[in-house]
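entry.cif, holding mmCIF, C-alpha atoms:
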```cif
data_upload
#
loop_
_atom_site.group_PDB
_atom_site.id
_atom_site.type_symbol
_atom_site.label_atom_id
_atom_site.label_comp_id
_atom_site.auth_asym_id
_atom_site.auth_seq_id
_atom_site.Cartn_x
_atom_site.Cartn_y
_atom_site.Cartn_z
ATOM 1 C CA MET P 1 0.000 0.000 0.000
ATOM 2 C CA LEU P 2 1.256 3.447 -0.933
ATOM 3 C CA ARG P 3 -0.079 6.669 0.545
ATOM 4 C CA ILE P 4 1.137 9.980 -0.841
ATOM 5 C CA TYR P 5 0.784 13.249 1.038
ATOM 6 C CA LYS P 6 1.392 16.757 -0.280
ATOM 7 C CA SER P 7 1.765 19.950 1.674
ATOM 8 C CA GLN P 8 -1.136 22.344 1.238
ATOM 9 C CA ASN P 9 -1.412 25.485 3.364
ATOM 10 C CA SER P 10 1.296 24.065 5.664
ATOM 11 C CA HIS P 11 -0.781 20.941 6.235
ATOM 12 C CA LEU P 12 -0.739 17.541 4.577
ATOM 13 C CA VAL P 13 -3.434 16.218 2.279
ATOM 14 C CA LEU P 14 -3.768 12.730 0.830
ATOM 15 C CA VAL P 15 -3.156 12.563 -2.926
ATOM 16 C CA ASP P 16 -4.684 10.141 -5.413
ATOM 17 C CA HIS P 17 -1.784 8.569 -7.304
ATOM 18 C CA SER P 18 -3.717 6.101 -9.412
ATOM 19 C CA ALA P 19 -2.891 8.114 -12.547
ATOM 20 C CA GLY P 20 0.790 8.426 -11.639
ATOM 21 C CA LEU P 21 2.836 11.391 -10.478
ATOM 22 C CA ALA P 22 4.020 14.334 -12.476
ATOM 23 C CA THR P 23 7.693 15.156 -12.167
ATOM 24 C CA GLU P 24 6.986 18.756 -11.215
ATOM 25 C CA GLU P 25 4.785 17.755 -8.296
ATOM 26 C CA THR P 26 6.300 18.188 -4.838
ATOM 27 C CA VAL P 27 5.459 15.287 -2.557
ATOM 28 C CA THR P 28 6.086 15.664 1.155
ATOM 29 C CA TRP P 29 5.549 12.105 2.362
ATOM 30 C CA PHE P 30 5.515 8.702 0.670
ATOM 31 C CA ASP P 31 4.226 6.080 3.085
ATOM 32 C CA LEU P 32 5.026 2.568 1.838
ATOM 33 C CA PHE P 33 3.279 -0.153 3.857
ATOM 34 C CA ASN P 34 3.902 -3.679 2.540
ATOM 35 C CA PRO P 35 4.440 -2.107 -0.896
ATOM 36 C CA SER P 36 4.066 -3.909 -4.183
ATOM 37 C CA ALA P 37 6.806 -3.881 -6.805
ATOM 38 C CA ASP P 38 4.943 -1.249 -8.852
ATOM 39 C CA GLU P 39 4.500 1.056 -5.855
ATOM 40 C CA THR P 40 8.170 0.739 -4.938
ATOM 41 C CA ARG P 41 9.209 1.446 -8.525
ATOM 42 C CA LEU P 42 6.980 4.561 -8.627
ATOM 43 C CA VAL P 43 8.748 6.081 -5.620
ATOM 44 C CA GLU P 44 12.195 5.049 -6.849
ATOM 45 C CA ASP P 45 11.631 6.652 -10.257
ATOM 46 C CA TYR P 46 10.267 9.837 -8.724
ATOM 47 C CA LEU P 47 13.132 10.375 -6.249
ATOM 48 C CA GLY P 48 15.923 8.537 -8.068
ATOM 49 C CA ILE P 49 16.767 6.264 -5.137
ATOM 50 C CA ALA P 50 16.763 2.540 -4.381
ATOM 51 C CA ILE P 51 14.257 1.483 -1.709
ATOM 52 C CA PRO P 52 15.757 -1.119 0.667
ATOM 53 C CA THR P 53 14.110 -4.526 0.705
ATOM 54 C CA SER P 54 12.612 -6.208 3.750
ATOM 55 C CA ASP P 55 15.729 -8.353 4.216
ATOM 56 C CA GLU P 56 17.987 -5.307 4.011
ATOM 57 C CA MET P 57 15.898 -3.542 6.640
ATOM 58 C CA GLN P 58 16.424 -6.465 9.021
ATOM 59 C CA GLU P 59 20.200 -5.939 9.094
ATOM 60 C CA ILE P 60 21.498 -4.953 12.514
ATOM 61 C CA GLU P 61 24.848 -3.454 11.483
ATOM 62 C CA LEU P 62 24.920 0.288 12.042
ATOM 63 C CA SER P 63 26.366 0.900 8.563
ATOM 64 C CA ASP P 64 23.360 -0.898 7.031
ATOM 65 C CA ARG P 65 20.853 1.066 9.067
ATOM 66 C CA LEU P 66 22.248 4.600 8.862
ATOM 67 C CA TYR P 67 23.858 5.679 5.611
ATOM 68 C CA GLN P 68 23.706 8.156 2.722
ATOM 69 C CA GLU P 69 23.165 7.158 -0.893
ATOM 70 C CA ASP P 70 22.051 8.970 -4.058
ATOM 71 C CA GLY P 71 21.859 12.243 -2.138
ATOM 72 C CA ALA P 72 19.426 10.834 0.419
ATOM 73 C CA GLU P 73 19.590 9.808 4.067
ATOM 74 C CA PHE P 74 18.571 6.229 4.861
ATOM 75 C CA MET P 75 17.734 5.679 8.536
ATOM 76 C CA THR P 76 16.210 2.497 9.947
ATOM 77 C CA ILE P 77 14.842 2.111 13.471
ATOM 78 C CA THR P 78 13.270 -0.730 15.409
ATOM 79 C CA ALA P 79 9.664 0.273 15.982
ATOM 80 C CA THR P 80 7.319 -1.267 18.516
ATOM 81 C CA ALA P 81 3.978 -2.724 17.491
ATOM 82 C CA LYS P 82 0.914 -4.186 19.236
ATOM 83 C CA LEU P 83 1.889 -2.726 22.584
ATOM 84 C CA ASP P 84 -1.693 -3.113 23.845
ATOM 85 C CA SER P 85 -1.786 -6.849 23.154
ATOM 86 C CA ASP P 86 -0.400 -9.773 25.131
ATOM 87 C CA GLN P 87 2.223 -10.341 22.426
ATOM 88 C CA PRO P 88 3.959 -7.028 21.660
ATOM 89 C CA GLY P 89 6.344 -7.119 18.744
ATOM 90 C CA LYS P 90 8.917 -5.083 16.918
ATOM 91 C CA ALA P 91 9.585 -4.364 13.266
ATOM 92 C CA PRO P 92 12.108 -2.279 11.308
ATOM 93 C CA VAL P 93 10.925 1.027 9.845
ATOM 94 C CA THR P 94 13.089 2.922 7.362
ATOM 95 C CA PHE P 95 13.012 6.715 6.965
ATOM 96 C CA ILE P 96 14.436 8.110 3.728
ATOM 97 C CA LEU P 97 14.974 11.861 3.461
ATOM 98 C CA LYS P 98 15.753 13.400 0.104
ATOM 99 C CA GLY P 99 15.338 17.116 -0.225
ATOM 100 C CA ALA P 100 11.948 18.101 1.150
ATOM 101 C CA SER P 101 10.487 14.609 0.684
ATOM 102 C CA LEU P 102 10.224 11.768 3.178
ATOM 103 C CA VAL P 103 9.742 8.091 2.413
ATOM 104 C CA THR P 104 8.746 5.641 5.141
ATOM 105 C CA VAL P 105 9.092 1.938 4.416
ATOM 106 C CA ARG P 106 7.472 -0.504 6.802
ATOM 107 C CA HIS P 107 6.112 -4.019 6.833
ATOM 108 C CA ALA P 108 4.186 -3.629 10.090
ATOM 109 C CA ASP P 109 1.553 -1.137 11.144
ATOM 110 C CA PRO P 110 2.585 0.611 14.363
ATOM 111 C CA LYS P 111 -0.279 2.557 15.880
ATOM 112 C CA PRO P 112 1.627 5.911 15.954
ATOM 113 C CA PHE P 113 1.587 5.957 12.132
ATOM 114 C CA GLN P 114 -2.187 5.728 12.058
ATOM 115 C CA LEU P 115 -2.636 8.341 14.776
ATOM 116 C CA TYR P 116 -0.171 10.767 13.213
ATOM 117 C CA ALA P 117 -1.595 10.387 9.705
ATOM 118 C CA ASN P 118 -5.092 11.149 11.008
ATOM 119 C CA ARG P 119 -3.903 14.107 13.048
ATOM 120 C CA ILE P 120 -1.909 15.903 10.361
ATOM 121 C CA GLN P 121 -4.817 15.877 7.904
ATOM 122 C CA LYS P 122 -7.045 17.891 10.228
ATOM 123 C CA PRO P 123 -7.400 21.623 9.511
ATOM 124 C CA ASN P 124 -5.880 22.479 12.881
ATOM 125 C CA GLY P 125 -3.225 19.755 12.652
ATOM 126 C CA ALA P 126 0.505 20.196 13.057
ATOM 127 C CA VAL P 127 2.465 22.202 10.493
ATOM 128 C CA CYS P 128 4.193 19.823 8.061
ATOM 129 C CA GLU P 129 5.890 21.711 5.261
ATOM 130 C CA THR P 130 8.815 19.323 4.760
ATOM 131 C CA GLY P 131 9.535 15.639 5.018
ATOM 132 C CA GLU P 132 11.903 16.280 7.904
ATOM 133 C CA LEU P 133 9.096 17.750 10.005
ATOM 134 C CA VAL P 134 6.932 14.742 9.170
ATOM 135 C CA MET P 135 9.710 12.396 10.318
ATOM 136 C CA LEU P 136 10.141 14.304 13.564
ATOM 137 C CA GLY P 137 6.390 14.217 14.106
ATOM 138 C CA LEU P 138 6.348 10.442 13.611
ATOM 139 C CA LEU P 139 9.217 9.986 16.061
ATOM 140 C CA GLU P 140 7.434 12.162 18.621
ATOM 141 C CA SER P 141 4.281 10.108 18.155
ATOM 142 C CA MET P 142 6.264 6.897 18.712
ATOM 143 C CA ILE P 143 7.869 8.301 21.845
ATOM 144 C CA ASP P 144 4.480 9.405 23.197
ATOM 145 C CA ARG P 145 3.164 5.918 22.591
ATOM 146 C CA ILE P 146 6.154 4.363 24.360
ATOM 147 C CA ALA P 147 5.752 6.783 27.291
ATOM 148 C CA ASP P 148 2.106 5.752 27.746
ATOM 149 C CA THR P 149 3.103 2.089 27.579
ATOM 150 C CA LEU P 150 5.870 2.560 30.154
ATOM 151 C CA GLU P 151 3.465 4.335 32.481
ATOM 152 C CA ARG P 152 1.010 1.467 32.196
ATOM 153 C CA ALA P 153 3.798 -1.115 32.578
ATOM 154 C CA GLY P 154 5.042 0.654 35.713
ATOM 155 C CA ASP P 155 1.576 0.416 37.297
ATOM 156 C CA GLU P 156 1.364 -3.280 36.392
ATOM 157 C CA VAL P 157 4.823 -3.951 37.814
ATOM 158 C CA ASP P 158 3.771 -2.244 41.064
ATOM 159 C CA ALA P 159 0.680 -4.467 41.176
ATOM 160 C CA ILE P 160 2.862 -7.549 40.667
ATOM 161 C CA SER P 161 5.176 -6.348 43.450
ATOM 162 C CA ARG P 162 2.261 -6.009 45.862
ATOM 163 C CA GLU P 163 1.058 -9.478 44.883
ATOM 164 C CA VAL P 164 4.486 -11.024 45.426
ATOM 165 C CA PHE P 165 5.065 -9.512 48.850
ATOM 166 C CA ARG P 166 1.510 -9.553 50.194
ATOM 167 C CA LYS P 167 0.743 -11.548 53.330
ATOM 168 C CA SER P 168 -1.507 -14.471 52.562
ATOM 169 C CA HIS P 169 -2.996 -17.249 54.665
ATOM 170 C CA ALA P 170 -3.500 -19.487 51.668
ATOM 171 C CA SER P 171 -2.049 -22.967 51.658
ATOM 172 C CA ALA P 172 1.534 -23.405 50.532
ATOM 173 C CA THR P 173 0.514 -25.338 47.415
ATOM 174 C CA LYS P 174 -2.009 -22.700 46.308
ATOM 175 C CA LYS P 175 0.417 -19.863 47.005
ATOM 176 C CA THR P 176 3.101 -21.631 44.976
ATOM 177 C CA ARG P 177 0.691 -21.883 42.039
ATOM 178 C CA ASP P 178 -0.072 -18.157 42.365
ATOM 179 C CA LEU P 179 3.634 -17.314 42.355
ATOM 180 C CA GLN P 180 4.163 -19.448 39.260
ATOM 181 C CA SER P 181 1.487 -17.450 37.420
ATOM 182 C CA LEU P 182 3.225 -14.255 38.548
ATOM 183 C CA ILE P 183 6.452 -15.493 36.966
ATOM 184 C CA GLU P 184 4.639 -15.645 33.610
ATOM 185 C CA GLN P 185 3.458 -12.044 34.053
ATOM 186 C CA ILE P 186 6.953 -10.953 35.019
ATOM 187 C CA GLY P 187 8.356 -12.620 31.907
ATOM 188 C CA GLN P 188 5.848 -10.826 29.678
ATOM 189 C CA LYS P 189 6.718 -7.464 31.210
ATOM 190 C CA GLY P 190 10.422 -8.215 30.792
ATOM 191 C CA ASP P 191 9.951 -8.931 27.070
ATOM 192 C CA LEU P 192 7.933 -5.728 26.661
ATOM 193 C CA LEU P 193 10.587 -3.596 28.351
ATOM 194 C CA THR P 194 13.349 -5.187 26.291
ATOM 195 C CA THR P 195 11.482 -4.328 23.082
ATOM 196 C CA ILE P 196 10.892 -0.752 24.251
ATOM 197 C CA ARG P 197 14.535 -0.222 25.208
ATOM 198 C CA GLU P 198 15.696 -1.525 21.836
ATOM 199 C CA SER P 199 13.315 0.860 20.066
ATOM 200 C CA LEU P 200 14.444 3.848 22.143
ATOM 201 C CA VAL P 201 18.108 3.089 21.473
ATOM 202 C CA SER P 202 17.458 2.934 17.724
ATOM 203 C CA ILE P 203 15.539 6.227 17.825
ATOM 204 C CA GLY P 204 18.413 7.869 19.684
ATOM 205 C CA ARG P 205 20.883 6.611 17.078
ATOM 206 C CA LEU P 206 18.712 7.887 14.232
ATOM 207 C CA VAL P 207 18.425 11.360 15.723
ATOM 208 C CA ALA P 208 22.151 11.527 16.475
ATOM 209 C CA TYR P 209 22.992 10.470 12.913
ATOM 210 C CA HIS P 210 20.515 12.955 11.478
ATOM 211 C CA VAL P 211 22.049 15.786 13.495
ATOM 212 C CA ALA P 212 25.575 14.743 12.483
ATOM 213 C CA THR P 213 24.713 14.855 8.767
ATOM 214 C CA GLU P 214 22.992 18.242 8.826
ATOM 215 C CA GLY P 215 26.026 20.093 7.603
ATOM 216 C CA SER P 216 27.098 17.547 5.009
ATOM 217 C CA GLY P 217 24.405 18.296 2.441
ATOM 218 C CA PRO P 218 22.230 21.095 1.104
ATOM 219 C CA ARG P 219 19.598 20.580 3.798
ATOM 220 C CA LYS P 220 19.777 22.857 6.812
ATOM 221 C CA ALA P 221 17.617 22.253 9.844
ATOM 222 C CA GLY P 222 15.480 25.183 10.975
ATOM 223 C CA LYS P 223 15.187 26.444 14.503
ATOM 224 C CA GLU P 224 11.961 24.520 15.083
ATOM 225 C CA SER P 225 13.540 21.303 13.833
ATOM 226 C CA ARG P 226 16.580 21.712 16.055
ATOM 227 C CA GLN P 227 14.414 22.291 19.115
ATOM 228 C CA ARG P 228 12.256 19.274 18.352
ATOM 229 C CA ILE P 229 15.326 17.120 17.768
ATOM 230 C CA LYS P 230 16.691 18.097 21.187
ATOM 231 C CA LEU P 231 13.355 17.235 22.803
ATOM 232 C CA ILE P 232 13.290 13.857 21.058
ATOM 233 C CA GLN P 233 16.832 13.090 22.214
ATOM 234 C CA ARG P 234 16.033 14.134 25.773
ATOM 235 C CA ASP P 235 12.777 12.160 25.862
ATOM 236 C CA ALA P 236 14.393 9.051 24.361
ATOM 237 C CA THR P 237 17.177 9.198 26.948
ATOM 238 C CA SER P 238 14.868 9.748 29.919
ATOM 239 C CA LEU P 239 12.449 7.027 28.798
ATOM 240 C CA GLY P 240 15.381 4.674 28.259
ATOM 241 C CA ASP P 241 16.514 5.308 31.833
ATOM 242 C CA HIS P 242 12.981 4.691 33.097
ATOM 243 C CA ALA P 243 12.729 1.457 31.089
ATOM 244 C CA LEU P 244 16.080 0.359 32.572
ATOM 245 C CA PHE P 245 14.769 1.081 36.072
ATOM 246 C CA LEU P 246 11.664 -1.025 35.416
ATOM 247 C CA SER P 247 13.822 -3.806 33.960
ATOM 248 C CA ASN P 248 15.927 -3.863 37.127
ATOM 249 C CA LYS P 249 12.754 -3.965 39.210
ATOM 250 C CA ILE P 250 11.452 -6.837 37.083
ATOM 251 C CA ASN P 251 14.691 -8.769 37.663
ATOM 252 C CA PHE P 252 14.386 -8.143 41.413
ATOM 253 C CA LEU P 253 10.778 -9.365 41.415
ATOM 254 C CA LEU P 254 11.775 -12.452 39.455
ATOM 255 C CA ASP P 255 14.513 -13.299 41.969
ATOM 256 C CA ALA P 256 12.149 -12.605 44.870
ATOM 257 C CA THR P 257 9.386 -14.759 43.382
ATOM 258 C CA LEU P 258 11.739 -17.674 42.789
ATOM 259 C CA GLY P 259 13.017 -17.254 46.345
ATOM 260 C CA LEU P 260 9.486 -17.348 47.748
ATOM 261 C CA ILE P 261 8.694 -20.478 45.749
ATOM 262 C CA ASN P 262 11.818 -22.126 47.186
ATOM 263 C CA LEU P 263 10.761 -21.083 50.690
ATOM 264 C CA GLU P 264 7.285 -22.538 50.217
ATOM 265 C CA GLN P 265 8.708 -25.765 48.878
ATOM 266 C CA ASN P 266 11.194 -25.925 51.760
ATOM 267 C CA GLN P 267 8.286 -25.413 54.157
ATOM 268 C CA ILE P 268 6.551 -28.458 52.693
ATOM 269 C CA ILE P 269 9.721 -30.510 52.885
ATOM 270 C CA LYS P 270 10.217 -29.383 56.494
ATOM 271 C CA ILE P 271 6.776 -30.693 57.436
ATOM 272 C CA PHE P 272 7.633 -34.106 56.072
ATOM 273 C CA SER P 273 11.021 -34.047 57.804
ATOM 274 C CA VAL P 274 9.512 -33.134 61.174
ATOM 275 C CA ALA P 275 6.815 -35.786 60.767
ATOM 276 C CA ALA P 276 9.479 -38.392 60.021
ATOM 277 C CA VAL P 277 11.454 -37.401 63.137
ATOM 278 C CA VAL P 278 8.338 -37.359 65.353
ATOM 279 C CA PHE P 279 7.185 -40.814 64.269
ATOM 280 C CA LEU P 280 10.631 -42.386 64.298
ATOM 281 C CA PRO P 281 10.688 -43.176 68.105
ATOM 282 C CA PRO P 282 7.165 -44.746 68.100
ATOM 283 C CA THR P 283 8.182 -46.819 65.105
ATOM 284 C CA LEU P 284 11.237 -48.009 67.028
ATOM 285 C CA VAL P 285 9.114 -48.998 70.048
ATOM 286 C CA ALA P 286 6.571 -50.778 67.848
ATOM 287 C CA SER P 287 9.370 -52.597 66.047
ATOM 288 C CA ILE P 288 10.878 -53.800 69.319
ATOM 289 C CA TYR P 289 7.603 -55.156 70.689
ATOM 290 C CA GLY P 290 6.749 -56.664 67.346
ATOM 291 C CA MET P 291 9.700 -59.047 67.509
ATOM 292 C CA ASN P 292 8.950 -62.727 67.983
ATOM 293 C CA PHE P 293 11.229 -63.499 70.904
ATOM 294 C CA GLN P 294 10.062 -65.825 73.673
ATOM 295 C CA ALA P 295 11.905 -64.072 76.471
ATOM 296 C CA MET P 296 10.255 -60.645 76.529
ATOM 297 C CA PRO P 297 9.085 -59.756 80.093
ATOM 298 C CA GLU P 298 6.457 -57.269 78.959
ATOM 299 C CA LEU P 299 4.578 -59.977 77.001
ATOM 300 C CA ALA P 300 3.587 -61.677 80.276
ATOM 301 C CA TRP P 301 2.365 -58.453 81.871
ATOM 302 C CA ARG P 302 -1.309 -57.828 82.079
ATOM 303 C CA LEU P 303 -0.656 -54.120 81.291
ATOM 304 C CA GLY P 304 2.043 -54.833 78.687
ATOM 305 C CA TYR P 305 -0.092 -53.751 75.751
ATOM 306 C CA PRO P 306 -1.160 -50.371 77.285
ATOM 307 C CA TYR P 307 2.421 -49.928 78.411
ATOM 308 C CA ALA P 308 3.713 -50.283 74.790
ATOM 309 C CA LEU P 309 1.068 -47.903 73.479
ATOM 310 C CA GLY P 310 1.966 -45.366 76.159
ATOM 311 C CA MET P 311 5.622 -45.612 75.300
ATOM 312 C CA MET P 312 4.880 -44.931 71.635
ATOM 313 C CA VAL P 313 2.690 -41.905 72.443
ATOM 314 C CA LEU P 314 5.261 -40.508 74.859
ATOM 315 C CA SER P 315 8.129 -41.012 72.410
ATOM 316 C CA ALA P 316 6.180 -39.118 69.748
ATOM 317 C CA LEU P 317 5.055 -36.344 72.100
ATOM 318 C CA VAL P 318 8.511 -35.452 73.423
ATOM 319 C CA PRO P 319 10.098 -34.465 70.038
ATOM 320 C CA TYR P 320 6.871 -32.710 69.000
ATOM 321 C CA LEU P 321 6.912 -30.494 72.093
ATOM 322 C CA TYR P 322 10.611 -29.828 71.631
ATOM 323 C CA PHE P 323 10.131 -28.691 68.001
ATOM 324 C CA LYS P 324 7.138 -26.601 69.025
ATOM 325 C CA ARG P 325 9.134 -24.834 71.717
ATOM 326 C CA ARG P 326 11.967 -24.078 69.292
ATOM 327 C CA GLY P 327 9.490 -22.574 66.794
ATOM 328 C CA TRP P 328 10.141 -25.140 64.102
ATOM 329 C CA LEU P 329 6.434 -25.959 63.798
#
```

Kindly transcribe the structure held in the file into structure tokens.
Amino acid sequence: MLRIYKSQNSHLVLVDHSAGLATEETVTWFDLFNPSADETRLVEDYLGIAIPTSDEMQEIELSDRLYQEDGAEFMTITATAKLDSDQPGKAPVTFILKGASLVTVRHADPKPFQLYANRIQKPNGAVCETGELVMLGLLESMIDRIADTLERAGDEVDAISREVFRKSHASATKKTRDLQSLIEQIGQKGDLLTTIRESLVSIGRLVAYHVATEGSGPRKAGKESRQRIKLIQRDATSLGDHALFLSNKINFLLDATLGLINLEQNQIIKIFSVAAVVFLPPTLVASIYGMNFQAMPELAWRLGYPYALGMMVLSALVPYLYFKRRGWL
């Protein structure tokens, strides 16, 4: 899918490109989403550049993600997607700046693209006279989306923390099952924060590269662009620090949860150990009086049987009271 936007009265309008594009037309934003070969060729012929393929966008080397070619800047970031779902993902998004035109190439549909495209077409939308301003607006929209997600993730992590350290009178087995379900939630939050940190790092690299190449070509950033770039860098850095803080808290909760599970399991094992120790003396007494020897004085006693039972009860009661007094039960 190819969407083409032109600047009209400092705002963007969607253009019908079914009949092709005239060379003299000035296009502000080409948005390529899962483009066909014909759509890719249309943009390449108009701007005189080579659009990177999906495999090329997946490269992780910095030289393959940030470079200049044919008078254009090629910048690829790792964008987050489906942050509201149980399975958040990530996908590469390439920004290509040539002159006043911007090309975005993506094979996923991050929500900030939809929100930004709807917002800039409104009469009172943001001013978008150049492709650079559109790119900065998209990055700001992504950062806003990440900030909202981090805020929500922080609240959920706090809820998990309260659940882990709450006092409960539930049985050890039930509590262990609850802690195991919390481990799954902790793992999901850890994956989400890892994806967010990777995206923020890539955004920071893009902005730094864009600033470094300002003086190497004919394009000069305006005052508004420079201010917005500084805000994006500051926000990406601060959100990255916050994501790191939440990641450390997640690791702490994971260690604490595993420790609590071990404690609960040790408590169960301790019960069996104490029971074995308590019933060991009665078992010894019963074993002695269960032997088939003829010369056993107690066998001729009239009270021999109650005497053996009393010995077994007393031998079990003494270690029980001792463990109780020491606080082991």

Might you pull out every residue within 12 Å of segment 82-89 of chain P, with only C-alpha atoms counted and same-chain residues fewer than 2 positions away left off, and present them as a VMD selection string?
chain P and resid 78 to 80 91 to 92 108 to 112 142 145 to 150 152 to 153 184 to 185 187 to 196 198 to 199

Point-to-point distance in Å for atom CA of Val278 of chain P and atom CA of Arg302 of chain P:
28.1 Å

Kindly give the distance, in Å, that separates atom CA of Thr76 of chain P and atom CA of Ser63 of chain P, rounded to a single decimal.
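These two atoms are separated by 10.4 Å.
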
If you apply the PyMOL selection byres ((chain P and resi 163) around 12) to this file, what residues do you get, as a list in words?
Glu156, Val157, Asp158, Ala159, Ile160, Ser161, Arg162, Val164, Phe165, Arg166, Lys167, Ser168, Lys175, Asp178, Leu179, Gln180, Ser181, Leu182, Ile183, Gln185, Ile186, Leu253, Ala256, Thr257 and Leu260 of chain P

Mind checking which residues fall within 6 Å of Ser101 of chain P, counting all atoms listed in the file, ignoring those fewer than 4 positions away in the same chain, and posting them as a PDB file with C-alpha atoms, keeping the file's coordinate frame?
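Below is the file selection.pdb, written as the result:
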```
ATOM      1  CA  THR P  28       6.086  15.664   1.155  1.00  0.00           C
ATOM      2  CA  TRP P  29       5.549  12.105   2.362  1.00  0.00           C
ATOM      3  CA  LEU P  97      14.974  11.861   3.461  1.00  0.00           C
ATOM      4  CA  GLY P 131       9.535  15.639   5.018  1.00  0.00           C
TER       5      GLY P 131
END
```

On this structure, which residues satisfy the PyMOL selection byres ((chain P and resi 68) around 12), written as a PyMOL selection string?
chain P and resi 49-50+63-67+69-76+95-98+209-210+212-214+216-217

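When all atoms listed in the file are used to measure the gap to Ile232 of chain P, the shortest distance among P:Met311, P:Leu115, P:Leu258, P:Leu200 belongs to P:Leu200.
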